[in-house]
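Next comes data_32.cif, with mmCIF, C-alpha atoms.
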data_input
#
loop_
_atom_site.label_atom_id
_atom_site.label_comp_id
_atom_site.auth_asym_id
_atom_site.auth_seq_id
_atom_site.Cartn_x
_atom_site.Cartn_y
_atom_site.Cartn_z
CA MET I 27 22.51 35.12 -16.34
CA GLU I 28 18.99 33.75 -16.20
CA SER I 29 15.82 35.65 -17.07
CA ILE I 30 13.00 35.85 -14.55
CA TRP I 31 10.99 33.64 -16.92
CA SER I 32 13.43 30.73 -16.98
CA SER I 33 14.17 31.03 -13.26
CA THR I 34 10.49 30.65 -12.33
CA VAL I 35 9.31 27.91 -14.73
CA SER I 36 10.61 24.44 -15.55
CA ILE I 37 9.31 22.75 -18.70
CA GLU I 38 9.26 18.96 -18.69
CA GLN I 39 12.12 17.45 -20.67
CA ARG I 40 11.36 15.64 -23.94
CA MET I 41 13.30 12.77 -25.42
CA PRO I 42 15.41 13.19 -28.58
CA LEU I 43 14.22 11.76 -31.88
CA ASP I 44 14.70 7.99 -31.63
CA SER I 45 13.86 6.81 -35.17
CA ASP I 46 13.03 8.01 -38.65
CA LYS I 47 9.61 9.68 -38.86
CA ARG I 48 7.02 10.44 -41.52
CA THR I 49 4.67 13.35 -40.87
CA GLU I 50 2.67 16.02 -42.68
CA ALA I 51 4.54 19.05 -41.31
CA VAL I 52 7.91 19.34 -39.59
CA ILE I 53 8.68 22.48 -37.62
CA ILE I 54 12.32 23.32 -36.89
CA GLY I 55 12.49 25.19 -33.59
CA ALA I 56 10.46 24.82 -30.37
CA GLY I 57 10.35 28.46 -29.40
CA LEU I 58 7.10 30.36 -29.29
CA SER I 59 6.68 30.74 -33.07
CA GLY I 60 7.34 27.05 -33.72
CA VAL I 61 5.10 25.78 -30.95
CA LEU I 62 2.25 28.17 -31.81
CA THR I 63 2.44 27.16 -35.48
CA ALA I 64 2.43 23.47 -34.60
CA TYR I 65 -0.52 23.97 -32.28
CA ARG I 66 -2.60 25.85 -34.84
CA LEU I 67 -1.78 23.33 -37.58
CA ALA I 68 -2.72 20.45 -35.29
CA LYS I 69 -6.07 22.16 -34.59
CA LYS I 70 -6.63 22.12 -38.36
CA GLY I 71 -5.92 18.38 -38.48
CA VAL I 72 -2.33 18.58 -39.77
CA ARG I 73 0.01 16.13 -38.03
CA CYS I 74 3.17 17.93 -36.88
CA VAL I 75 6.58 17.01 -35.54
CA VAL I 76 8.65 19.73 -33.85
CA LEU I 77 12.45 19.43 -33.73
CA GLU I 78 14.50 21.40 -31.18
CA SER I 79 18.31 21.42 -30.99
CA ASP I 80 18.29 22.30 -27.27
CA ARG I 81 15.24 22.61 -24.97
CA ILE I 82 11.73 23.94 -25.50
CA GLY I 83 11.83 27.73 -25.21
CA SER I 84 15.59 27.79 -24.68
CA GLY I 85 16.24 30.45 -27.33
CA GLN I 86 14.81 33.93 -27.60
CA THR I 87 11.49 33.01 -25.97
CA ARG I 88 13.11 32.87 -22.54
CA SER I 89 15.01 36.13 -23.18
CA THR I 90 12.13 38.40 -24.19
CA THR I 91 10.51 41.16 -22.17
CA ALA I 92 7.23 39.49 -23.24
CA LYS I 93 5.26 42.44 -24.55
CA ILE I 94 2.30 41.50 -26.74
CA THR I 95 1.76 44.64 -28.73
CA SER I 96 1.18 46.19 -32.14
CA GLN I 97 3.27 49.17 -31.01
CA HIS I 98 6.60 48.43 -32.69
CA GLY I 99 8.54 51.65 -32.41
CA MET I 100 8.17 54.35 -35.08
CA LYS I 101 6.51 51.89 -37.45
CA TYR I 102 3.28 53.13 -39.02
CA ASP I 103 4.41 56.40 -40.57
CA TYR I 104 7.37 54.46 -41.97
CA LEU I 105 5.09 51.78 -43.42
CA ILE I 106 2.76 54.29 -45.04
CA ARG I 107 5.62 56.24 -46.61
CA ASN I 108 7.41 53.13 -47.92
CA PHE I 109 4.59 50.66 -48.66
CA GLY I 110 1.33 52.62 -48.64
CA VAL I 111 -1.70 52.74 -46.38
CA ASN I 112 -3.07 49.33 -47.39
CA MET I 113 0.04 47.43 -46.33
CA ALA I 114 0.27 49.47 -43.13
CA ARG I 115 -3.29 48.36 -42.40
CA GLN I 116 -2.37 44.74 -43.09
CA TYR I 117 0.53 44.98 -40.66
CA ALA I 118 -1.62 46.60 -37.98
CA HIS I 119 -4.49 44.16 -38.47
CA ALA I 120 -2.21 41.13 -38.22
CA ASN I 121 -0.66 42.33 -34.98
CA GLU I 122 -3.91 43.51 -33.39
CA THR I 123 -5.43 40.13 -34.29
CA ALA I 124 -2.46 38.42 -32.63
CA ILE I 125 -3.20 40.19 -29.34
CA ARG I 126 -6.79 38.95 -29.46
CA ASP I 127 -5.62 35.44 -30.42
CA TYR I 128 -3.50 35.28 -27.28
CA ALA I 129 -6.40 36.41 -25.11
CA HIS I 130 -8.78 33.85 -26.61
CA MET I 131 -6.27 31.00 -26.45
CA ILE I 132 -5.33 31.72 -22.85
CA LYS I 133 -8.99 31.88 -21.87
CA ASP I 134 -10.03 28.76 -23.79
CA LEU I 135 -7.14 26.64 -22.49
CA LYS I 136 -7.31 28.16 -19.00
CA ILE I 137 -3.58 28.96 -19.06
CA SER I 138 -2.30 30.71 -15.94
CA CYS I 139 0.49 32.85 -17.40
CA ASP I 140 0.08 36.28 -15.76
CA PHE I 141 -1.62 37.64 -18.88
CA ARG I 142 -2.63 41.26 -18.33
CA THR I 143 -4.13 43.86 -20.63
CA CYS I 144 -2.49 47.30 -20.47
CA PRO I 145 -1.57 50.22 -22.75
CA ALA I 146 1.74 50.47 -24.62
CA TYR I 147 3.46 53.85 -24.92
CA LEU I 148 5.99 55.19 -27.38
CA TYR I 149 7.76 58.16 -25.78
CA SER I 150 10.27 60.88 -26.58
CA CYS I 151 12.20 63.23 -24.30
CA SER I 152 13.10 65.66 -27.09
CA ARG I 153 10.36 65.79 -29.76
CA ASP I 154 6.61 65.73 -30.00
CA ASP I 155 6.16 66.36 -33.73
CA VAL I 156 7.25 62.91 -34.86
CA LEU I 157 5.07 61.29 -32.21
CA LYS I 158 2.03 63.24 -33.36
CA THR I 159 2.76 62.10 -36.91
CA GLU I 160 3.12 58.49 -35.73
CA ALA I 161 -0.17 58.66 -33.81
CA LEU I 162 -1.99 59.87 -36.96
CA ALA I 163 -0.31 57.15 -39.04
CA ALA I 164 -1.34 54.44 -36.56
CA GLN I 165 -4.91 55.76 -36.72
CA GLN I 166 -4.81 55.58 -40.53
CA ALA I 167 -3.68 51.97 -40.17
CA GLY I 168 -6.71 51.20 -38.01
CA ILE I 169 -5.29 51.41 -34.48
CA GLN I 170 -6.93 53.59 -31.83
CA ALA I 171 -3.68 55.32 -30.94
CA GLU I 172 -3.54 58.79 -29.42
CA PHE I 173 -0.90 61.41 -28.63
CA THR I 174 -0.59 62.29 -24.94
CA THR I 175 1.71 64.13 -22.57
CA GLU I 176 0.60 62.12 -19.53
CA THR I 177 2.77 59.15 -18.54
CA SER I 178 3.87 57.37 -15.37
CA LEU I 179 7.55 57.68 -16.30
CA PRO I 180 9.92 59.04 -13.61
CA PHE I 181 11.17 61.77 -15.94
CA SER I 182 9.61 64.45 -18.12
CA VAL I 183 8.84 63.77 -21.77
CA GLN I 184 7.82 65.88 -24.74
CA GLY I 185 5.05 63.43 -25.46
CA ALA I 186 3.98 59.85 -26.01
CA VAL I 187 1.79 57.76 -28.30
CA ARG I 188 -0.63 55.56 -26.34
CA PHE I 189 -1.82 52.26 -27.81
CA PRO I 190 -4.76 50.90 -25.76
CA ASP I 191 -5.64 47.24 -25.11
CA GLN I 192 -2.17 45.77 -25.52
CA ALA I 193 -0.89 42.98 -23.24
CA GLN I 194 1.97 41.31 -21.39
CA PHE I 195 2.47 37.83 -19.93
CA HIS I 196 4.90 35.16 -18.69
CA PRO I 197 6.02 33.49 -21.94
CA LEU I 198 7.32 30.23 -20.49
CA LYS I 199 4.21 29.59 -18.40
CA PHE I 200 2.25 29.94 -21.62
CA LEU I 201 4.69 27.82 -23.63
CA LYS I 202 4.75 25.06 -21.00
CA VAL I 203 1.03 24.41 -21.37
CA LEU I 204 0.91 24.73 -25.16
CA SER I 205 3.97 22.52 -25.78
CA SER I 206 2.54 19.73 -23.61
CA LYS I 207 -0.04 19.07 -26.33
CA LEU I 208 2.51 18.52 -29.13
CA GLU I 209 4.98 15.94 -30.48
CA ILE I 210 8.32 17.62 -29.77
CA TYR I 211 11.82 16.13 -29.84
CA GLU I 212 14.54 17.95 -27.91
CA LYS I 213 18.32 17.68 -28.25
CA THR I 214 17.79 16.92 -31.94
CA ARG I 215 19.84 19.12 -34.25
CA VAL I 216 18.83 19.51 -37.89
CA LEU I 217 21.86 19.04 -40.12
CA SER I 218 20.42 19.46 -43.60
CA ALA I 219 17.22 19.76 -45.60
CA ASP I 220 16.52 18.34 -49.03
CA ASP I 221 12.98 19.07 -50.20
CA GLY I 222 10.86 17.25 -47.62
CA LYS I 223 13.70 15.22 -46.11
CA ILE I 224 15.08 16.71 -42.90
CA GLN I 225 18.28 15.02 -41.72
CA THR I 226 19.06 15.35 -38.01
CA ASP I 227 21.81 13.96 -35.82
CA ARG I 228 19.20 11.48 -34.53
CA GLY I 229 17.52 10.33 -37.74
CA MET I 230 15.47 11.46 -40.71
CA VAL I 231 12.09 13.21 -40.70
CA THR I 232 10.16 13.21 -43.99
CA ALA I 233 7.33 15.69 -44.35
CA ASP I 234 5.06 17.34 -46.90
CA TYR I 235 5.72 20.78 -45.39
CA VAL I 236 8.86 22.17 -43.75
CA ILE I 237 8.70 25.22 -41.48
CA PHE I 238 11.85 27.04 -40.36
CA ALA I 239 10.95 28.64 -37.02
CA CYS I 240 14.48 28.50 -35.61
CA HIS I 241 15.07 32.24 -35.07
CA TYR I 242 17.61 32.55 -37.91
CA PRO I 243 17.46 30.17 -40.94
CA PHE I 244 20.66 28.12 -40.97
CA LEU I 245 20.55 27.34 -44.71
CA ASN I 246 22.28 29.90 -46.89
CA VAL I 247 20.71 28.73 -50.17
CA PRO I 248 17.96 29.13 -51.26
CA GLY I 249 16.53 32.19 -49.56
CA TYR I 250 19.85 33.96 -48.86
CA TYR I 251 18.61 35.14 -45.48
CA PHE I 252 22.20 35.68 -44.31
CA SER I 253 22.37 38.63 -46.72
CA ARG I 254 18.96 39.97 -45.72
CA MET I 255 19.28 40.18 -41.94
CA HIS I 256 21.64 41.03 -39.12
CA GLN I 257 21.26 40.55 -35.37
CA ASP I 258 21.07 43.11 -32.57
CA LYS I 259 21.47 42.63 -28.83
CA SER I 260 19.69 44.42 -26.00
CA TYR I 261 19.93 44.05 -22.24
CA VAL I 262 17.41 43.82 -19.40
CA ILE I 263 17.57 44.13 -15.64
CA ALA I 264 14.75 43.35 -13.22
CA LEU I 265 14.32 45.66 -10.24
CA SER I 266 12.56 45.36 -6.91
CA GLY I 267 11.78 48.53 -5.00
CA ALA I 268 11.08 50.56 -8.17
CA GLU I 269 7.78 52.33 -8.82
CA GLN I 270 5.24 50.44 -10.90
CA MET I 271 4.02 51.86 -14.21
CA ASP I 272 0.61 52.03 -15.82
CA GLY I 273 1.69 50.14 -18.92
CA MET I 274 4.61 49.26 -21.19
CA TYR I 275 7.01 51.96 -22.45
CA TYR I 276 9.49 52.19 -25.33
CA GLY I 277 11.68 55.24 -26.04
CA ILE I 278 12.46 56.36 -29.58
CA GLU I 279 15.81 58.16 -29.06
CA PRO I 280 19.16 56.32 -29.08
CA GLY I 281 19.97 55.30 -25.53
CA SER I 282 16.33 55.36 -24.42
CA LEU I 283 14.95 52.76 -22.05
CA SER I 284 12.02 50.37 -22.23
CA PHE I 285 9.88 49.38 -19.25
CA ARG I 286 7.23 46.90 -18.14
CA ASN I 287 6.03 45.53 -14.82
CA TYR I 288 6.08 41.91 -13.74
CA GLU I 289 4.41 41.24 -10.40
CA ASP I 290 6.18 43.63 -7.98
CA GLN I 291 9.23 44.05 -10.22
CA LEU I 292 10.06 46.51 -12.98
CA LEU I 293 11.90 45.33 -16.09
CA VAL I 294 14.25 47.96 -17.55
CA GLY I 295 15.69 47.33 -21.02
CA GLY I 296 18.06 49.09 -23.37
CA ALA I 297 21.80 49.62 -23.99
CA GLY I 298 21.50 47.80 -27.31
CA HIS I 299 24.08 47.29 -30.06
CA ARG I 300 24.71 45.20 -33.14
CA THR I 301 25.78 41.70 -32.13
CA GLY I 302 29.56 41.42 -32.12
CA SER I 303 30.27 45.11 -31.43
CA ASN I 304 30.25 45.31 -27.61
CA TYR I 305 34.01 45.62 -27.28
CA GLU I 306 34.20 47.47 -23.95
CA GLY I 307 31.20 46.02 -22.11
CA GLY I 308 29.43 47.79 -19.27
CA ARG I 309 25.90 47.51 -20.72
CA TYR I 310 24.33 46.08 -17.57
CA GLU I 311 26.11 48.65 -15.44
CA THR I 312 24.71 51.42 -17.64
CA LEU I 313 21.17 50.16 -17.01
CA LYS I 314 21.87 49.77 -13.30
CA GLU I 315 23.22 53.32 -13.00
CA GLN I 316 20.20 54.75 -14.78
CA ALA I 317 17.87 52.73 -12.57
CA GLN I 318 19.56 54.01 -9.42
CA HIS I 319 19.21 57.56 -10.70
CA TYR I 320 15.44 57.21 -11.00
CA TRP I 321 14.74 54.75 -8.19
CA LYS I 322 17.30 55.16 -5.43
CA GLY I 323 17.44 52.10 -3.22
CA SER I 324 16.01 49.75 -5.84
CA THR I 325 17.63 46.32 -6.03
CA GLU I 326 18.59 44.33 -9.11
CA THR I 327 17.07 40.84 -8.97
CA ALA I 328 17.98 39.50 -12.43
CA ARG I 329 19.81 40.41 -15.62
CA TRP I 330 19.78 38.90 -19.08
CA SER I 331 20.08 39.77 -22.77
CA ALA I 332 17.98 39.26 -25.88
CA GLN I 333 19.09 38.89 -29.48
CA ASP I 334 16.87 39.90 -32.36
CA CYS I 335 16.94 39.37 -36.12
CA MET I 336 16.64 42.65 -38.02
CA THR I 337 15.40 42.63 -41.62
CA LEU I 338 16.30 45.04 -44.40
CA ASP I 339 12.96 46.85 -44.37
CA ARG I 340 11.88 46.44 -40.70
CA ILE I 341 9.15 43.87 -41.48
CA PRO I 342 9.43 40.18 -40.56
CA TYR I 343 9.84 37.48 -43.20
CA ILE I 344 6.82 35.21 -42.77
CA GLY I 345 5.69 32.97 -45.61
CA GLN I 346 7.20 30.87 -48.36
CA PHE I 347 10.90 30.29 -47.73
CA SER I 348 11.85 30.58 -51.41
CA GLY I 349 10.22 30.35 -54.80
CA LYS I 350 12.41 27.31 -55.40
CA ARG I 351 10.93 25.44 -52.42
CA PRO I 352 7.12 25.80 -52.63
CA ASN I 353 6.50 23.61 -49.56
CA TRP I 354 9.07 25.30 -47.31
CA TYR I 355 8.02 28.13 -45.01
CA VAL I 356 9.85 30.54 -42.73
CA ALA I 357 9.18 32.82 -39.76
CA THR I 358 12.08 35.10 -38.89
CA GLY I 359 13.18 38.74 -38.61
CA PHE I 360 10.89 39.66 -35.73
CA GLU I 361 13.08 42.59 -34.65
CA LYS I 362 12.25 43.27 -30.99
CA TRP I 363 8.62 42.18 -31.22
CA GLY I 364 8.82 38.40 -31.20
CA MET I 365 5.83 37.69 -28.98
CA THR I 366 3.27 39.31 -31.27
CA SER I 367 5.12 38.25 -34.42
CA SER I 368 5.13 34.61 -33.26
CA MET I 369 1.32 34.57 -33.16
CA VAL I 370 1.17 36.42 -36.49
CA SER I 371 3.43 33.72 -37.94
CA ALA I 372 1.33 30.90 -36.57
CA ARG I 373 -1.86 32.26 -38.13
CA LEU I 374 -0.31 33.19 -41.50
CA LEU I 375 1.63 29.95 -41.97
CA THR I 376 -1.32 27.80 -40.94
CA ASP I 377 -3.53 29.60 -43.43
CA LEU I 378 -0.94 29.25 -46.21
CA ILE I 379 -0.45 25.52 -45.59
CA THR I 380 -4.17 24.72 -45.25
CA GLY I 381 -5.18 26.85 -48.23
CA GLN I 382 -7.10 29.53 -46.30
CA GLU I 383 -7.17 33.06 -47.69
CA ASN I 384 -5.45 35.60 -45.46
CA PRO I 385 -5.29 39.21 -46.66
CA ASP I 386 -2.39 40.03 -44.30
CA CYS I 387 0.07 37.66 -46.01
CA GLU I 388 1.23 40.22 -48.57
CA VAL I 389 3.03 42.59 -46.21
CA PHE I 390 5.09 39.80 -44.59
CA ALA I 391 5.90 37.79 -47.74
CA PRO I 392 9.68 37.08 -47.85
CA GLN I 393 9.64 37.74 -51.62
CA ARG I 394 7.99 41.19 -51.29
CA ARG I 395 9.17 44.16 -53.33
CA ILE I 396 12.45 45.81 -52.40
CA THR I 397 12.29 49.41 -51.18
CA GLY I 398 15.02 52.06 -51.36
CA THR I 399 15.52 51.71 -47.61
CA ALA I 400 16.03 47.96 -48.00
CA VAL I 401 18.64 48.49 -50.72
CA GLN I 402 20.58 50.85 -48.46
CA GLU I 403 20.44 48.34 -45.58
CA PHE I 404 21.53 45.54 -47.93
CA ILE I 405 24.62 47.52 -48.94
CA LYS I 406 25.42 48.46 -45.34
CA ASN I 407 25.05 44.86 -44.13
CA GLY I 408 27.16 43.61 -47.02
CA LEU I 409 29.99 45.99 -46.19
CA HIS I 410 29.79 45.06 -42.50
CA ALA I 411 29.94 41.35 -43.35
CA ALA I 412 32.81 41.88 -45.76
CA ALA I 413 34.80 43.59 -42.99
CA GLY I 414 34.16 40.64 -40.67
CA LEU I 415 35.10 38.13 -43.34
CA GLY I 416 38.25 40.12 -44.08
CA LYS I 417 39.29 39.93 -40.44
CA GLY I 418 38.58 36.22 -40.51
CA ILE I 419 41.24 35.53 -43.11
CA LEU I 420 43.97 37.58 -41.42
CA PRO I 421 46.84 35.33 -40.24
CA THR I 422 46.73 35.94 -36.47
CA SER I 423 47.43 33.40 -33.74
CA GLU I 424 44.44 34.60 -31.69
CA LYS I 425 41.99 34.28 -34.55
CA LYS I 426 38.66 32.58 -33.84
CA VAL I 427 36.26 32.44 -36.78
CA CYS I 428 32.59 31.59 -37.03
CA THR I 429 31.75 28.14 -38.39
CA HIS I 430 28.92 29.67 -40.45
CA MET I 431 30.83 31.73 -43.03
CA GLY I 432 34.22 32.42 -41.50
CA CYS I 433 33.77 35.88 -39.98
CA ARG I 434 36.12 36.70 -37.13
CA LEU I 435 34.41 36.44 -33.76
CA GLU I 436 34.43 39.22 -31.20
CA TRP I 437 34.37 38.87 -27.40
CA ASN I 438 31.36 40.28 -25.52
CA PRO I 439 32.58 40.93 -21.95
CA ASP I 440 29.05 41.43 -20.60
CA GLU I 441 27.87 38.03 -21.81
CA GLU I 442 31.26 36.29 -21.73
CA MET I 443 30.52 35.01 -25.21
CA LEU I 444 32.18 34.99 -28.60
CA GLU I 445 29.88 36.70 -31.10
CA CYS I 446 29.82 36.92 -34.86
CA PRO I 447 29.49 40.53 -36.09
CA CYS I 448 28.34 39.36 -39.53
CA HIS I 449 25.31 37.21 -38.81
CA GLY I 450 25.03 36.97 -35.02
CA SER I 451 26.09 33.41 -34.15
CA ARG I 452 27.32 33.04 -30.55
CA PHE I 453 29.71 30.63 -28.85
CA THR I 454 30.90 30.04 -25.30
CA LYS I 455 34.54 30.82 -24.50
CA ASP I 456 35.18 27.08 -24.85
CA GLY I 457 33.78 27.12 -28.39
CA ALA I 458 30.37 25.50 -27.83
CA LEU I 459 27.65 26.82 -30.14
CA VAL I 460 24.96 28.82 -28.33
CA ASN I 461 22.86 29.93 -31.30
CA GLY I 462 23.15 30.18 -35.07
CA PRO I 463 22.91 30.48 -38.00
CA ALA I 464 26.16 28.53 -37.37
CA GLN I 465 25.47 24.82 -36.97
CA SER I 466 28.64 23.51 -35.32
CA ASP I 467 31.01 24.24 -32.44
CA LEU I 468 34.33 26.00 -32.92
CA LYS I 469 37.40 23.93 -33.57
CA LEU I 470 39.75 25.38 -30.96
#
I'd like the structure from this file rewritten - as structure tokens, please.
Amino acid sequence: MESIWSSTVSIEQRMPLDSDKRTEAVIIGAGLSGVLTAYRLAKKGVRCVVLESDRIGSGQTRSTTAKITSQHGMKYDYLIRNFGVNMARQYAHANETAIRDYAHMIKDLKISCDFRTCPAYLYSCSRDDVLKTEALAAQQAGIQAEFTTETSLPFSVQGAVRFPDQAQFHPLKFLKVLSSKLEIYEKTRVLSADDGKIQTDRGMVTADYVIFACHYPFLNVPGYYFSRMHQDKSYVIALSGAEQMDGMYYGIEPGSLSFRNYEDQLLVGGAGHRTGSNYEGGRYETLKEQAQHYWKGSTETARWSAQDCMTLDRIPYIGQFSGKRPNWYVATGFEKWGMTSSMVSARLLTDLITGQENPDCEVFAPQRRITGTAVQEFIKNGLHAAAGLGKGILPTSEKKVCTHMGCRLEWNPDEEMLECPCHGSRFTKDGALVNGPAQSDLKL
């Protein structure tokens, strides 16, 4: 099941690491966040090496719906209530700046990647009060958001919040150009990290700075990110013959759909769940049935899924990996907003490494203060992981357990994958690792 991005772009293959290397910064992961960070560091004169276990953009970058937006669900009222207006403004400023960074970079490098400015809408079919509150909160945070009842959706809504001057693009067309300017080694899996020594299955890379941009940090200690995140899945179908919309849309109720155009197609997303809990399947069929209800005669042209890291307090972890590793950095926990968060990461991490002051660092710092909401999520995630670990030690002949921490894997019939309900690792039915934090195949 290939996304429309990966089916329309081929990125030139790079050779694996062929010898030990010494560099200033090593970036683990050649997705959008890793490549953007390497590019910005290189522009500042920092020599970078990027290591990728598979192919450039082969992870979540090729699975996104590619919305570049500061509209991240019901975010700004939440931020103000839990962190205060100043941190909500930092979050908004960082993401609005990221949109402008994309526009400037694409213009300066003359990248043809179907970049288009458009509004982003947050909609509800049942309530308008919470949307009005969210619009006011976004305005307090510095965004020119407004409540409206006018949309191009094919169904009636109680209201929507409109964010102007957002954007969308083709992520792999963008990544292809940017990655061509960098020293990247594919098919090179990182096995361990010891201060500035990064051991791979192809050799050693020694660096002054280490940046984990590999979607989900594979090291359990320090940082303990396995206890601070879980992974969610969502599904997308592309339609021809469906009406085009005037922007990007995201529904706030459970079961709501998201939408964006690409050329003459409409991307419809939704039917999400926590990774490892899709026991019965039928997620793509649900989207297809809903699409046929609204656009009779439309035709499905592609289907694919995305997997997102969800943090305890709904804010990404971008900054110093751990107080015990002052020269390690991390970019993870982007929720469903990886395109904007990747650019945010690139700017913040570059500023941290090169000693530039950045007032937006505070809100994303991995060592930020713990809120009551985060404590509740920590307990819930811990109980969920304990249940998975408990199943993993049961003496059953059909047992397949994750090579990360031993949770029992569950079969996803829509993806035909084995998935870890604890931390989101995925494997093919033959036991080959698809993505981590696990680092090795199953022993079947």
> When distances are computed from all atoms listed in the file, which of I:Leu105, I:Val389, I:Ala219, I:Ile396 shows the smallest separation from Arg351 of chain I?
Replying inline: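 Ranking I:Leu105, I:Val389, I:Ala219, I:Ile396 by distance to Arg351 of chain I, first place goes to I:Ala219.
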Quick one: which residues end up in the PyMOL selection byres ((chain I and resi 297-303) around 8) for this structure, as a CSV table (one decimal) with C-alpha atoms, keeping the file's coordinate frame?
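Saved to expr-v6.csv:
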chain,number,residue,atom,x,y,z
I,256,HIS,CA,21.6,41.0,-39.1
I,257,GLN,CA,21.3,40.6,-35.4
I,258,ASP,CA,21.1,43.1,-32.6
I,259,LYS,CA,21.5,42.6,-28.8
I,260,SER,CA,19.7,44.4,-26.0
I,261,TYR,CA,19.9,44.0,-22.2
I,281,GLY,CA,20.0,55.3,-25.5
I,282,SER,CA,16.3,55.4,-24.4
I,283,LEU,CA,15.0,52.8,-22.0
I,295,GLY,CA,15.7,47.3,-21.0
I,296,GLY,CA,18.1,49.1,-23.4
I,304,ASN,CA,30.2,45.3,-27.6
I,305,TYR,CA,34.0,45.6,-27.3
I,309,ARG,CA,25.9,47.5,-20.7
I,310,TYR,CA,24.3,46.1,-17.6
I,312,THR,CA,24.7,51.4,-17.6
I,313,LEU,CA,21.2,50.2,-17.0
I,333,GLN,CA,19.1,38.9,-29.5
I,435,LEU,CA,34.4,36.4,-33.8
I,436,GLU,CA,34.4,39.2,-31.2
I,437,TRP,CA,34.4,38.9,-27.4
I,438,ASN,CA,31.4,40.3,-25.5
I,444,LEU,CA,32.2,35.0,-28.6
I,445,GLU,CA,29.9,36.7,-31.1
I,446,CYS,CA,29.8,36.9,-34.9
I,447,PRO,CA,29.5,40.5,-36.1
I,448,CYS,CA,28.3,39.4,-39.5
I,450,GLY,CA,25.0,37.0,-35.0
>> Under the PyMOL selection byres ((chain I and resi 270) around 12), which residues of this model are included? Write them out as JSON, numbers by chain.
In response: {"I": [177, 178, 179, 180, 265, 266, 267, 268, 269, 271, 272, 273, 274, 275, 285, 286, 287, 288, 289, 290, 291, 292, 293, 294, 321, 324]}
Rows by chain and residue number, segment 284-397 of chain I within 6 Å of segment 88-97 of chain I, shortest pair, only C-alpha atoms, as a Markdown table:
| residue | atom | partner | partner_atom | distance |
| --- | --- | --- | --- | --- |
| I:Ala332 | CA | I:Ser89 | CA | 5.1 |
| I:Met365 | CA | I:Ile94 | CA | 5.7 |
| I:Thr366 | CA | I:Ile94 | CA | 5.1 |
>> Under the PyMOL selection byres ((chain I and resi 214) around 12), which residues of this model are included? Write them out as number ranges by chain.
In response: I: 40-45, 54-56, 75-82, 210-213, 215-217, 224-231
Would you export the selected residues with C-alpha atoms as a tab-separated table (two decimals), in the coordinates of the input, please?
chain	number	residue	atom	x	y	z
I	40	ARG	CA	11.36	15.64	-23.94
I	41	MET	CA	13.30	12.77	-25.42
I	42	PRO	CA	15.41	13.19	-28.58
I	43	LEU	CA	14.22	11.76	-31.88
I	44	ASP	CA	14.70	7.99	-31.63
I	45	SER	CA	13.86	6.81	-35.17
I	54	ILE	CA	12.32	23.32	-36.89
I	55	GLY	CA	12.49	25.19	-33.59
I	56	ALA	CA	10.46	24.82	-30.37
I	75	VAL	CA	6.58	17.01	-35.54
I	76	VAL	CA	8.65	19.73	-33.85
I	77	LEU	CA	12.45	19.43	-33.73
I	78	GLU	CA	14.50	21.40	-31.18
I	79	SER	CA	18.31	21.42	-30.99
I	80	ASP	CA	18.29	22.30	-27.27
I	81	ARG	CA	15.24	22.61	-24.97
I	82	ILE	CA	11.73	23.94	-25.50
I	210	ILE	CA	8.32	17.62	-29.77
I	211	TYR	CA	11.82	16.13	-29.84
I	212	GLU	CA	14.54	17.95	-27.91
I	213	LYS	CA	18.32	17.68	-28.25
I	215	ARG	CA	19.84	19.12	-34.25
I	216	VAL	CA	18.83	19.51	-37.89
I	217	LEU	CA	21.86	19.04	-40.12
I	224	ILE	CA	15.08	16.71	-42.90
I	225	GLN	CA	18.28	15.02	-41.72
I	226	THR	CA	19.06	15.35	-38.01
I	227	ASP	CA	21.81	13.96	-35.82
I	228	ARG	CA	19.20	11.48	-34.53
I	229	GLY	CA	17.52	10.33	-37.74
I	230	MET	CA	15.47	11.46	-40.71
I	231	VAL	CA	12.09	13.21	-40.70
> What is the atom CA of Tyr65 of chain I to atom CA of Tyr117 of chain I distance in Å?
Replying inline: 22.6 Å
For Gly398 of chain I, find every residue with an atom within 12 Å (counting only C-alpha atoms), except residues of its own chain fewer than 4 positions away, and show them as an mmCIF file with C-alpha atoms, in the frame of the given file.
data_model
loop_
_atom_site.group_PDB
_atom_site.id
_atom_site.type_symbol
_atom_site.label_atom_id
_atom_site.label_comp_id
_atom_site.auth_asym_id
_atom_site.auth_seq_id
_atom_site.Cartn_x
_atom_site.Cartn_y
_atom_site.Cartn_z
ATOM 1 C CA ARG I 107 5.620 56.240 -46.610
ATOM 2 C CA ASN I 108 7.410 53.130 -47.920
ATOM 3 C CA PHE I 109 4.590 50.660 -48.660
ATOM 4 C CA LEU I 338 16.300 45.040 -44.400
ATOM 5 C CA ASP I 339 12.960 46.850 -44.370
ATOM 6 C CA GLN I 402 20.580 50.850 -48.460
ATOM 7 C CA GLU I 403 20.440 48.340 -45.580
ATOM 8 C CA PHE I 404 21.530 45.540 -47.930
ATOM 9 C CA ILE I 405 24.620 47.520 -48.940
#
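The coordinates place atom CA of Ser84 of chain I at 16.9 Å from atom CA of Glu209 of chain I.
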